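J.: The structure follows.
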Amino acid sequence: MEADGLEWLVVPMHQLVSWGAAGAMVFGGVVPYIPQYRDIKRTQNAEGFSTYVCLVLLVANILRILFWFGRHFESPLLWQSIIMIITMLLMLKLCTEVRVSNELNIKRRSFSAADSKDEEIKAPPKRSYLDFDLNYFWHWSKFTDYMQCVLTFTGVTGYITYLSLDSFLFVETLGFLAVFTEAMLGVPQLYRNYQNRSTDGMSVKMVLMWTSGDTFKTVYFILNQAPFQFSICGLLQVFVDMAILLQVYFYSYYPQKPASHAAHPASTKAL
């Protein structure tokens with residue numbers, strides 16, 4: 001009788017916890033980028049943040065959405081991908097605007113050829129859509145160039161997926177590529193820090209949130225029996241996050257750059 005009396009309380013509490021976990025999955029992934037966005041906005045310097053992080057997340061989440069059409073998974077994971085794509089586009093827009101405004105002698109680098117007389121005067125020899133310079137891939141001077149690239153990738157992969165949805169092997173491979181790409185999320189930032197021999201300009205709060213979020217996400221995947229690819233992705237991400245945190249410790253206590261560079265106001269460390 002006592003158990004029956006408590007049931008009215010247990011069931012709503014369980015439902016509330018489920019909703020909370022789902023909400024954390026949908027919006028929790030974008031929270032780490034809020035301090036990094038604010039730091040870039042405040043310092044007007046995006047050198048410490050690798051825009052390849054945006055590239056990795058855009059590719060991973062586009063592939064994950066396409067994977068959903070072949071093998072349905074929980075709706076919160078689908079909505080998480082949609083929210084993340086929007087967030088990464090906003091990050092790219094800010095980073096592009098800041099970088100261009102900080103370049104004194106900017107050289108126009110475009111994903112597609114210039115289409116106005118004013119641009120033709122400033123731009124180097126025209127580069128068409130099909131033969132863009134790989135040396136400047138993902139380092140373009142206009143946000144619209146990134147949008148063209150993302151839309152092209154989405155269209156091509158979407159068409160291939162539509163033609164191959166009946167193939168079990170293709171769908172499973174697509175799911176693996178989606179989560180493996182996402183698992184490599186921190187690698188561009190890891191490499192950027194290694195190149196700079198410093199974590200200046202990178203928000204440590206962002207990485208701490210990555211670590212806590214990826215840990216929560218991995219547990220969520222395991223408990224909700226999500227496709228095995230998702231659990232593998234989560235574990236790999238946690239390992240990469242830990243490696244970046246080790247870089248923060250190492251470069252803080254064993255600086256690899258002269259003090260004058262570290263104190264430069266344009267690359268103030270975001271704590």
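Here, A, B, ... name the chains of the structure tokens in the order displayed, residue numbers run from 1 inside each chain, and ligands are numbered from 1 in the same displayed order.
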Find the residues around segment 175-191 of chain A up to 10 Å (only C-alpha atoms counted), leave out those fewer than 4 positions away in its own chain, and share them as a compact mmCIF listing (two decimals) with all heavy atoms, in the first residue's frame.
T.:
# COMPACT_ATOMS: atom_id res chain seq x y z
N GLY A 48 43.19 32.41 -31.18
CA GLY A 48 43.34 31.27 -30.28
C GLY A 48 42.33 30.17 -30.51
O GLY A 48 42.48 29.08 -29.97
N PHE A 49 41.29 30.46 -31.28
CA PHE A 49 40.23 29.47 -31.53
C PHE A 49 40.36 28.94 -32.94
O PHE A 49 40.42 29.70 -33.90
CB PHE A 49 38.85 30.11 -31.33
CG PHE A 49 37.71 29.18 -31.65
CD1 PHE A 49 37.39 28.13 -30.81
CD2 PHE A 49 36.95 29.37 -32.81
CE1 PHE A 49 36.34 27.28 -31.10
CE2 PHE A 49 35.90 28.52 -33.11
CZ PHE A 49 35.59 27.47 -32.25
N SER A 50 40.40 27.62 -33.08
CA SER A 50 40.52 27.01 -34.39
C SER A 50 39.14 26.87 -35.04
O SER A 50 38.26 26.19 -34.52
CB SER A 50 41.17 25.63 -34.28
OG SER A 50 41.15 24.97 -35.53
N THR A 51 38.96 27.51 -36.19
CA THR A 51 37.69 27.41 -36.90
C THR A 51 37.48 26.02 -37.49
O THR A 51 36.38 25.68 -37.94
CB THR A 51 37.59 28.46 -38.02
OG1 THR A 51 38.73 28.34 -38.88
CG2 THR A 51 37.52 29.86 -37.45
N TYR A 52 38.54 25.20 -37.47
CA TYR A 52 38.37 23.81 -37.91
C TYR A 52 37.50 23.03 -36.93
O TYR A 52 36.94 21.98 -37.28
CB TYR A 52 39.73 23.13 -38.08
CG TYR A 52 40.43 23.53 -39.35
CD1 TYR A 52 41.52 24.40 -39.32
CD2 TYR A 52 40.00 23.07 -40.59
CE1 TYR A 52 42.16 24.79 -40.49
CE2 TYR A 52 40.64 23.45 -41.76
CZ TYR A 52 41.72 24.30 -41.70
OH TYR A 52 42.35 24.68 -42.86
N VAL A 53 37.38 23.52 -35.69
CA VAL A 53 36.42 22.94 -34.75
C VAL A 53 35.02 23.06 -35.33
O VAL A 53 34.21 22.13 -35.27
CB VAL A 53 36.52 23.63 -33.37
CG1 VAL A 53 35.36 23.22 -32.47
CG2 VAL A 53 37.85 23.31 -32.71
N CYS A 54 34.72 24.24 -35.89
CA CYS A 54 33.42 24.45 -36.53
C CYS A 54 33.23 23.51 -37.72
O CYS A 54 32.15 22.95 -37.92
CB CYS A 54 33.29 25.91 -36.99
SG CYS A 54 33.42 27.12 -35.66
N LEU A 55 34.29 23.34 -38.52
CA LEU A 55 34.21 22.46 -39.67
C LEU A 55 33.90 21.03 -39.24
O LEU A 55 33.03 20.36 -39.81
CB LEU A 55 35.54 22.49 -40.44
CG LEU A 55 35.67 21.50 -41.60
CD1 LEU A 55 34.62 21.76 -42.67
CD2 LEU A 55 37.08 21.56 -42.20
N VAL A 56 34.61 20.56 -38.22
CA VAL A 56 34.40 19.19 -37.73
C VAL A 56 32.97 19.00 -37.25
O VAL A 56 32.31 18.01 -37.60
CB VAL A 56 35.40 18.88 -36.58
CG1 VAL A 56 35.01 17.58 -35.88
CG2 VAL A 56 36.82 18.78 -37.12
N LEU A 57 32.47 19.96 -36.47
CA LEU A 57 31.12 19.82 -35.93
C LEU A 57 30.04 19.96 -37.01
O LEU A 57 29.00 19.29 -36.94
CB LEU A 57 30.88 20.84 -34.82
CG LEU A 57 31.46 20.44 -33.46
CD1 LEU A 57 31.32 21.56 -32.46
CD2 LEU A 57 30.76 19.19 -32.94
N LEU A 58 30.27 20.81 -37.98
CA LEU A 58 29.30 20.94 -39.08
C LEU A 58 29.21 19.63 -39.87
O LEU A 58 28.11 19.12 -40.13
CB LEU A 58 29.70 22.09 -40.00
CG LEU A 58 29.43 23.50 -39.46
CD1 LEU A 58 30.12 24.55 -40.32
CD2 LEU A 58 27.93 23.77 -39.39
N VAL A 59 30.35 19.07 -40.23
CA VAL A 59 30.37 17.81 -40.98
C VAL A 59 29.73 16.70 -40.16
O VAL A 59 28.87 15.95 -40.65
CB VAL A 59 31.81 17.43 -41.38
CG1 VAL A 59 31.85 16.01 -41.95
CG2 VAL A 59 32.35 18.42 -42.40
N ALA A 60 30.14 16.58 -38.89
CA ALA A 60 29.64 15.50 -38.03
C ALA A 60 28.14 15.57 -37.85
O ALA A 60 27.44 14.54 -37.93
CB ALA A 60 30.34 15.56 -36.67
N ASN A 61 27.61 16.76 -37.63
CA ASN A 61 26.17 16.88 -37.35
C ASN A 61 25.32 16.78 -38.60
O ASN A 61 24.19 16.31 -38.56
CB ASN A 61 25.90 18.17 -36.59
CG ASN A 61 26.30 18.07 -35.13
OD1 ASN A 61 25.61 17.49 -34.31
ND2 ASN A 61 27.46 18.64 -34.80
N ILE A 62 25.85 17.21 -39.74
CA ILE A 62 25.13 17.00 -41.00
C ILE A 62 25.04 15.50 -41.29
O ILE A 62 23.97 14.98 -41.66
CB ILE A 62 25.83 17.74 -42.15
CG1 ILE A 62 25.65 19.25 -41.99
CG2 ILE A 62 25.27 17.29 -43.51
CD1 ILE A 62 26.51 20.08 -42.92
N LEU A 63 26.15 14.79 -41.10
CA LEU A 63 26.15 13.34 -41.31
C LEU A 63 25.23 12.63 -40.32
O LEU A 63 24.56 11.66 -40.66
CB LEU A 63 27.57 12.79 -41.20
CG LEU A 63 28.56 13.21 -42.29
CD1 LEU A 63 29.93 12.59 -42.04
CD2 LEU A 63 28.05 12.81 -43.68
N ARG A 64 25.19 13.13 -39.08
CA ARG A 64 24.33 12.51 -38.08
C ARG A 64 22.85 12.66 -38.45
O ARG A 64 22.06 11.73 -38.28
CB ARG A 64 24.58 13.11 -36.69
CG ARG A 64 23.81 12.37 -35.59
CD ARG A 64 23.68 13.19 -34.33
NE ARG A 64 24.90 13.24 -33.56
CZ ARG A 64 24.97 13.80 -32.34
NH1 ARG A 64 23.90 14.36 -31.81
NH2 ARG A 64 26.12 13.83 -31.70
N ILE A 65 22.49 13.84 -38.95
CA ILE A 65 21.10 14.05 -39.38
C ILE A 65 20.75 13.11 -40.53
O ILE A 65 19.67 12.51 -40.57
CB ILE A 65 20.88 15.52 -39.79
CG1 ILE A 65 20.97 16.42 -38.54
CG2 ILE A 65 19.53 15.70 -40.48
CD1 ILE A 65 20.93 17.90 -38.85
N LEU A 66 21.68 12.94 -41.48
CA LEU A 66 21.44 12.02 -42.59
C LEU A 66 21.35 10.58 -42.09
O LEU A 66 20.56 9.78 -42.61
CB LEU A 66 22.56 12.16 -43.63
CG LEU A 66 22.65 13.52 -44.33
CD1 LEU A 66 23.85 13.56 -45.27
CD2 LEU A 66 21.37 13.81 -45.11
N PHE A 67 22.15 10.24 -41.08
CA PHE A 67 22.10 8.90 -40.47
C PHE A 67 20.73 8.63 -39.88
O PHE A 67 20.23 7.49 -39.92
CB PHE A 67 23.19 8.81 -39.40
CG PHE A 67 23.21 7.51 -38.64
CD1 PHE A 67 23.24 6.28 -39.30
CD2 PHE A 67 23.22 7.51 -37.24
CE1 PHE A 67 23.27 5.09 -38.58
CE2 PHE A 67 23.26 6.33 -36.53
CZ PHE A 67 23.28 5.11 -37.20
N TRP A 68 20.09 9.66 -39.34
CA TRP A 68 18.77 9.51 -38.74
C TRP A 68 17.74 9.00 -39.75
O TRP A 68 16.83 8.25 -39.40
CB TRP A 68 18.32 10.85 -38.15
CG TRP A 68 16.99 10.81 -37.46
CD1 TRP A 68 16.73 10.46 -36.17
CD2 TRP A 68 15.71 11.13 -38.04
NE1 TRP A 68 15.39 10.54 -35.90
CE2 TRP A 68 14.74 10.94 -37.03
CE3 TRP A 68 15.31 11.54 -39.30
CZ2 TRP A 68 13.39 11.16 -37.26
CZ3 TRP A 68 13.95 11.76 -39.53
CH2 TRP A 68 13.02 11.59 -38.52
N GLY A 70 18.26 6.93 -42.08
CA GLY A 70 18.46 5.51 -42.30
C GLY A 70 18.22 4.67 -41.07
O GLY A 70 17.85 3.50 -41.17
N ARG A 71 18.44 5.27 -39.91
CA ARG A 71 18.24 4.55 -38.66
C ARG A 71 17.83 5.54 -37.59
O ARG A 71 18.66 6.26 -37.05
CB ARG A 71 19.52 3.82 -38.26
CG ARG A 71 19.40 3.01 -36.99
CD ARG A 71 20.70 2.28 -36.68
NE ARG A 71 20.62 1.59 -35.41
CZ ARG A 71 21.64 0.94 -34.87
NH1 ARG A 71 22.81 0.90 -35.49
NH2 ARG A 71 21.51 0.34 -33.69
N LEU A 169 24.86 -1.54 -44.98
CA LEU A 169 26.27 -1.22 -44.83
C LEU A 169 26.52 0.27 -44.96
O LEU A 169 27.28 0.86 -44.19
CB LEU A 169 27.10 -1.98 -45.87
CG LEU A 169 28.61 -1.73 -45.85
CD1 LEU A 169 29.20 -2.16 -44.50
CD2 LEU A 169 29.29 -2.48 -46.99
N PHE A 170 25.85 0.91 -45.93
CA PHE A 170 26.04 2.35 -46.13
C PHE A 170 25.54 3.12 -44.91
O PHE A 170 26.23 4.04 -44.43
CB PHE A 170 25.29 2.82 -47.38
CG PHE A 170 25.32 4.32 -47.56
CD1 PHE A 170 26.40 4.95 -48.16
CD2 PHE A 170 24.26 5.11 -47.10
CE1 PHE A 170 26.44 6.33 -48.31
CE2 PHE A 170 24.29 6.50 -47.24
CZ PHE A 170 25.39 7.09 -47.85
N VAL A 171 24.36 2.77 -44.41
CA VAL A 171 23.78 3.49 -43.28
C VAL A 171 24.67 3.37 -42.05
O VAL A 171 24.93 4.36 -41.35
CB VAL A 171 22.36 2.98 -42.98
CG1 VAL A 171 21.83 3.58 -41.68
CG2 VAL A 171 21.41 3.32 -44.13
N GLN A 195 50.84 23.99 -32.22
CA GLN A 195 51.52 24.91 -33.14
C GLN A 195 51.94 26.19 -32.45
O GLN A 195 53.06 26.68 -32.64
CB GLN A 195 50.61 25.25 -34.32
CG GLN A 195 50.57 24.20 -35.43
CD GLN A 195 49.78 24.71 -36.62
OE1 GLN A 195 48.71 25.30 -36.47
NE2 GLN A 195 50.30 24.49 -37.81
N ASN A 196 51.03 26.74 -31.64
CA ASN A 196 51.30 28.00 -30.96
C ASN A 196 52.19 27.83 -29.73
O ASN A 196 52.67 28.83 -29.18
CB ASN A 196 49.98 28.65 -30.51
CG ASN A 196 49.14 29.09 -31.69
OD1 ASN A 196 49.63 29.23 -32.80
ND2 ASN A 196 47.85 29.31 -31.43
N ARG A 197 52.38 26.58 -29.30
CA ARG A 197 53.09 26.30 -28.04
C ARG A 197 52.46 27.09 -26.90
O ARG A 197 53.14 27.54 -25.97
CB ARG A 197 54.58 26.66 -28.17
CG ARG A 197 55.35 25.88 -29.22
CD ARG A 197 55.46 24.41 -28.83
NE ARG A 197 56.42 23.70 -29.65
CZ ARG A 197 56.16 23.15 -30.83
NH1 ARG A 197 54.94 23.24 -31.32
NH2 ARG A 197 57.09 22.50 -31.51
N THR A 199 48.19 28.04 -25.05
CA THR A 199 46.73 27.97 -25.11
C THR A 199 46.13 29.37 -25.02
O THR A 199 44.95 29.52 -24.72
CB THR A 199 46.18 27.09 -23.97
OG1 THR A 199 46.65 27.59 -22.71
CG2 THR A 199 46.63 25.64 -24.13
N MET A 202 42.43 30.63 -26.18
CA MET A 202 41.46 29.55 -26.08
C MET A 202 40.77 29.63 -24.72
O MET A 202 41.42 29.80 -23.70
CB MET A 202 42.17 28.19 -26.21
CG MET A 202 41.23 27.00 -26.15
SD MET A 202 42.10 25.44 -25.82
CE MET A 202 42.47 25.63 -24.07
N VAL A 207 36.76 24.26 -22.72
CA VAL A 207 37.28 22.89 -22.68
C VAL A 207 36.76 22.14 -21.46
O VAL A 207 36.45 20.95 -21.54
CB VAL A 207 38.83 22.90 -22.70
CG1 VAL A 207 39.37 21.48 -22.70
CG2 VAL A 207 39.34 23.65 -23.92
N TRP A 210 33.43 21.15 -22.36
CA TRP A 210 33.53 20.01 -23.28
C TRP A 210 33.64 18.71 -22.50
O TRP A 210 32.93 17.75 -22.75
CB TRP A 210 34.78 20.15 -24.16
CG TRP A 210 34.63 20.98 -25.38
CD1 TRP A 210 33.50 21.61 -25.83
CD2 TRP A 210 35.67 21.31 -26.32
NE1 TRP A 210 33.77 22.30 -26.98
CE2 TRP A 210 35.08 22.14 -27.30
CE3 TRP A 210 37.02 21.00 -26.40
CZ2 TRP A 210 35.82 22.63 -28.37
CZ3 TRP A 210 37.76 21.48 -27.46
CH2 TRP A 210 37.16 22.30 -28.44
N ASP A 214 30.86 15.96 -22.49
CA ASP A 214 31.13 14.70 -23.18
C ASP A 214 31.00 13.51 -22.24
O ASP A 214 30.57 12.43 -22.64
CB ASP A 214 32.54 14.73 -23.80
CG ASP A 214 32.64 15.70 -24.97
OD1 ASP A 214 31.59 16.02 -25.56
OD2 ASP A 214 33.76 16.14 -25.29
N PRO A 227 22.78 3.78 -30.53
CA PRO A 227 23.66 3.01 -31.41
C PRO A 227 25.11 3.04 -30.90
O PRO A 227 25.58 4.07 -30.42
CB PRO A 227 23.52 3.73 -32.76
CG PRO A 227 22.13 4.28 -32.73
CD PRO A 227 21.91 4.69 -31.29
N PHE A 228 25.78 1.89 -31.00
CA PHE A 228 27.11 1.75 -30.39
C PHE A 228 28.09 2.81 -30.87
O PHE A 228 29.03 3.19 -30.15
CB PHE A 228 27.67 0.35 -30.68
CG PHE A 228 28.19 0.17 -32.08
CD1 PHE A 228 29.53 0.37 -32.37
CD2 PHE A 228 27.33 -0.17 -33.12
CE1 PHE A 228 30.01 0.21 -33.66
CE2 PHE A 228 27.80 -0.33 -34.41
CZ PHE A 228 29.15 -0.14 -34.68
N GLN A 229 27.87 3.33 -32.11
CA GLN A 229 28.78 4.36 -32.62
C GLN A 229 28.82 5.59 -31.71
O GLN A 229 29.86 6.23 -31.55
CB GLN A 229 28.35 4.81 -34.02
CG GLN A 229 28.43 3.71 -35.07
CD GLN A 229 27.08 3.11 -35.36
OE1 GLN A 229 26.26 2.96 -34.46
NE2 GLN A 229 26.83 2.76 -36.61
N PHE A 230 27.68 5.91 -31.09
CA PHE A 230 27.59 7.10 -30.26
C PHE A 230 28.44 6.95 -28.99
O PHE A 230 29.10 7.90 -28.55
CB PHE A 230 26.14 7.38 -29.88
CG PHE A 230 25.31 7.90 -31.01
CD1 PHE A 230 24.77 7.04 -31.96
CD2 PHE A 230 25.07 9.26 -31.15
CE1 PHE A 230 24.01 7.53 -33.00
CE2 PHE A 230 24.31 9.76 -32.19
CZ PHE A 230 23.78 8.88 -33.13
N SER A 231 28.42 5.75 -28.39
CA SER A 231 29.22 5.52 -27.18
C SER A 231 30.71 5.61 -27.48
O SER A 231 31.48 6.18 -26.70
CB SER A 231 28.89 4.14 -26.59
OG SER A 231 27.53 4.06 -26.25
N ILE A 232 31.14 5.06 -28.61
CA ILE A 232 32.54 5.13 -29.01
C ILE A 232 32.96 6.58 -29.20
O ILE A 232 34.03 7.02 -28.76
CB ILE A 232 32.77 4.33 -30.32
CG1 ILE A 232 32.52 2.84 -30.07
CG2 ILE A 232 34.18 4.55 -30.85
CD1 ILE A 232 32.56 2.00 -31.33
N CYS A 233 32.09 7.35 -29.86
CA CYS A 233 32.34 8.78 -30.07
C CYS A 233 32.57 9.49 -28.76
O CYS A 233 33.52 10.26 -28.59
CB CYS A 233 31.16 9.40 -30.82
SG CYS A 233 31.03 11.20 -30.70
N GLY A 234 31.68 9.26 -27.79
CA GLY A 234 31.78 9.94 -26.50
C GLY A 234 33.08 9.64 -25.78
O GLY A 234 33.72 10.54 -25.23
N LEU A 235 33.49 8.38 -25.78
CA LEU A 235 34.72 8.00 -25.09
C LEU A 235 35.95 8.66 -25.73
O LEU A 235 36.83 9.17 -25.04
CB LEU A 235 34.88 6.48 -25.11
CG LEU A 235 33.91 5.70 -24.22
CD1 LEU A 235 34.03 4.20 -24.49
CD2 LEU A 235 34.17 5.99 -22.74
N LEU A 236 35.99 8.68 -27.06
CA LEU A 236 37.11 9.31 -27.76
C LEU A 236 37.18 10.80 -27.46
O LEU A 236 38.25 11.38 -27.26
CB LEU A 236 37.00 9.08 -29.26
CG LEU A 236 37.34 7.67 -29.76
CD1 LEU A 236 37.04 7.55 -31.25
CD2 LEU A 236 38.80 7.34 -29.50
N GLN A 237 36.00 11.44 -27.42
CA GLN A 237 35.97 12.87 -27.13
C GLN A 237 36.50 13.19 -25.74
O GLN A 237 37.22 14.17 -25.55
CB GLN A 237 34.54 13.40 -27.28
CG GLN A 237 34.11 13.61 -28.72
CD GLN A 237 32.73 14.21 -28.81
OE1 GLN A 237 31.74 13.53 -28.54
NE2 GLN A 237 32.65 15.46 -29.19
N VAL A 238 36.15 12.36 -24.76
CA VAL A 238 36.63 12.58 -23.40
C VAL A 238 38.15 12.50 -23.35
O VAL A 238 38.82 13.32 -22.71
CB VAL A 238 36.00 11.56 -22.43
CG1 VAL A 238 36.66 11.66 -21.05
CG2 VAL A 238 34.50 11.80 -22.30
N PHE A 239 38.74 11.54 -24.06
CA PHE A 239 40.19 11.40 -24.08
C PHE A 239 40.87 12.63 -24.70
O PHE A 239 41.89 13.11 -24.20
CB PHE A 239 40.60 10.14 -24.85
CG PHE A 239 40.31 8.86 -24.12
CD1 PHE A 239 39.72 7.79 -24.77
CD2 PHE A 239 40.63 8.72 -22.78
CE1 PHE A 239 39.45 6.60 -24.09
CE2 PHE A 239 40.37 7.55 -22.10
CZ PHE A 239 39.78 6.49 -22.75
N VAL A 240 40.30 13.14 -25.80
CA VAL A 240 40.87 14.33 -26.45
C VAL A 240 40.74 15.55 -25.53
O VAL A 240 41.66 16.37 -25.43
CB VAL A 240 40.20 14.59 -27.81
CG1 VAL A 240 40.71 15.90 -28.42
CG2 VAL A 240 40.46 13.43 -28.77
N ASP A 241 39.59 15.68 -24.87
CA ASP A 241 39.39 16.79 -23.93
C ASP A 241 40.45 16.78 -22.84
O ASP A 241 41.01 17.83 -22.48
CB ASP A 241 38.00 16.71 -23.29
CG ASP A 241 36.87 16.87 -24.29
OD1 ASP A 241 37.14 17.40 -25.38
OD2 ASP A 241 35.74 16.47 -23.97
N MET A 242 40.73 15.60 -22.31
CA MET A 242 41.74 15.47 -21.26
C MET A 242 43.12 15.87 -21.77
O MET A 242 43.91 16.49 -21.05
CB MET A 242 41.76 14.04 -20.73
CG MET A 242 40.48 13.62 -20.03
SD MET A 242 40.06 14.66 -18.60
CE MET A 242 41.44 14.31 -17.51
N ALA A 243 43.41 15.54 -23.04
CA ALA A 243 44.70 15.90 -23.62
C ALA A 243 44.84 17.42 -23.72
O ALA A 243 45.92 17.98 -23.46
CB ALA A 243 44.85 15.26 -25.00
N ILE A 244 43.76 18.12 -24.08
CA ILE A 244 43.80 19.58 -24.17
C ILE A 244 44.00 20.20 -22.79
O ILE A 244 44.76 21.17 -22.62
CB ILE A 244 42.52 20.13 -24.83
CG1 ILE A 244 42.42 19.63 -26.26
CG2 ILE A 244 42.50 21.66 -24.79
CD1 ILE A 244 41.15 20.05 -26.98
N LEU A 245 43.34 19.64 -21.78
CA LEU A 245 43.52 20.13 -20.42
C LEU A 245 44.96 19.92 -19.94
O LEU A 245 45.51 20.76 -19.21
CB LEU A 245 42.54 19.43 -19.47
CG LEU A 245 41.07 19.84 -19.63
CD1 LEU A 245 40.18 19.01 -18.72
CD2 LEU A 245 40.87 21.33 -19.35
N GLN A 247 47.49 20.10 -21.94
CA GLN A 247 48.21 21.19 -22.61
C GLN A 247 48.10 22.48 -21.81
O GLN A 247 49.08 23.23 -21.67
CB GLN A 247 47.64 21.42 -24.02
CG GLN A 247 48.07 20.41 -25.05
CD GLN A 247 47.54 20.79 -26.42
OE1 GLN A 247 46.42 21.26 -26.57
NE2 GLN A 247 48.35 20.57 -27.44
J.: From a DSSP calculation on the backbone, collect every residue of segment 27-266 of chain A in helix (DSSP H, G or I) and output the set as a count of residues only.
T.: 172
J.: Given only C-alpha atoms as the basis, pick out the residue of A:Asn224, A:Ser101, A:Thr152, A:Gln36 nearest to Glu74 of chain A.
T.: A:Asn224
J.: Quick one: of A:Phe69, A:Phe216, A:Phe168, A:Asp200, who's nearest to Pro255 of chain A, counting only C-alpha atoms?
T.: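 That would be A:Asp200, the residue with the smallest distance to Pro255 of chain A.
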J.: Quick one: pull the distance between atom CA of Ser141 of chain A and atom CA of Leu89 of chain A, Å, one decimal.
T.: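 Distance between the two atoms: 14.5 Å.
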J.: List as a CSV table (one decimal) with N, CA, C and O atoms, in the first residue's frame the protein and nucleic acid residues near Gln80 of chain A, meaning an atom at most 10 Å away when only C-alpha atoms are counted, but skip any in the same chain fewer than 3 places from it.
T.:
chain,number,residue,atom,x,y,z
A,22,ALA,N,16.9,15.1,-21.5
A,22,ALA,CA,16.8,15.4,-22.9
A,22,ALA,C,17.1,16.8,-23.2
A,22,ALA,O,17.7,17.1,-24.2
A,23,GLY,N,16.6,17.7,-22.4
A,23,GLY,CA,17.0,19.2,-22.6
A,23,GLY,C,18.4,19.4,-22.5
A,23,GLY,O,19.0,20.2,-23.3
A,24,ALA,N,19.1,18.8,-21.6
A,24,ALA,CA,20.6,18.9,-21.4
A,24,ALA,C,21.3,18.4,-22.7
A,24,ALA,O,22.3,19.0,-23.1
A,25,MET,N,20.8,17.3,-23.3
A,25,MET,CA,21.4,16.8,-24.5
A,25,MET,C,21.2,17.8,-25.7
A,25,MET,O,22.1,18.0,-26.5
A,26,VAL,N,20.0,18.4,-25.7
A,26,VAL,CA,19.7,19.3,-26.9
A,26,VAL,C,20.6,20.6,-26.8
A,26,VAL,O,21.2,21.0,-27.8
A,27,PHE,N,20.6,21.2,-25.6
A,27,PHE,CA,21.2,22.5,-25.5
A,27,PHE,C,22.6,22.5,-24.8
A,27,PHE,O,23.4,23.4,-25.0
A,28,GLY,N,22.9,21.4,-24.2
A,28,GLY,CA,24.2,21.3,-23.4
A,28,GLY,C,25.4,21.4,-24.3
A,28,GLY,O,26.4,21.9,-23.9
A,29,GLY,N,25.3,20.9,-25.6
A,29,GLY,CA,26.4,20.9,-26.5
A,29,GLY,C,26.9,22.2,-26.9
A,29,GLY,O,28.0,22.4,-27.2
A,30,VAL,N,26.0,23.2,-26.9
A,30,VAL,CA,26.3,24.5,-27.4
A,30,VAL,C,26.8,25.4,-26.2
A,30,VAL,O,27.4,26.5,-26.5
A,61,ASN,N,27.6,16.8,-37.6
A,61,ASN,CA,26.2,16.9,-37.3
A,61,ASN,C,25.3,16.8,-38.6
A,61,ASN,O,24.2,16.3,-38.6
A,65,ILE,N,22.5,13.8,-39.0
A,65,ILE,CA,21.1,14.0,-39.4
A,65,ILE,C,20.8,13.1,-40.5
A,65,ILE,O,19.7,12.5,-40.6
A,75,SER,N,15.0,11.6,-30.5
A,75,SER,CA,14.7,12.9,-31.0
A,75,SER,C,15.7,14.0,-30.4
A,75,SER,O,16.1,14.9,-31.1
A,76,PRO,N,16.0,13.9,-29.1
A,76,PRO,CA,16.9,14.9,-28.5
A,76,PRO,C,18.2,15.0,-29.3
A,76,PRO,O,18.8,16.0,-29.4
A,77,LEU,N,18.7,13.8,-29.7
A,77,LEU,CA,20.0,13.8,-30.4
A,77,LEU,C,19.9,14.4,-31.8
A,77,LEU,O,20.8,15.1,-32.3
A,83,ILE,N,20.6,22.3,-33.5
A,83,ILE,CA,21.1,23.4,-32.7
A,83,ILE,C,22.6,23.7,-32.9
A,83,ILE,O,23.0,24.8,-33.0
A,84,MET,N,23.3,22.6,-32.9
A,84,MET,CA,24.8,22.7,-33.0
A,84,MET,C,25.2,23.3,-34.4
A,84,MET,O,26.1,24.1,-34.4
A,85,ILE,N,24.5,22.9,-35.4
A,85,ILE,CA,24.8,23.5,-36.8
A,85,ILE,C,24.6,25.0,-36.8
A,85,ILE,O,25.5,25.8,-37.2
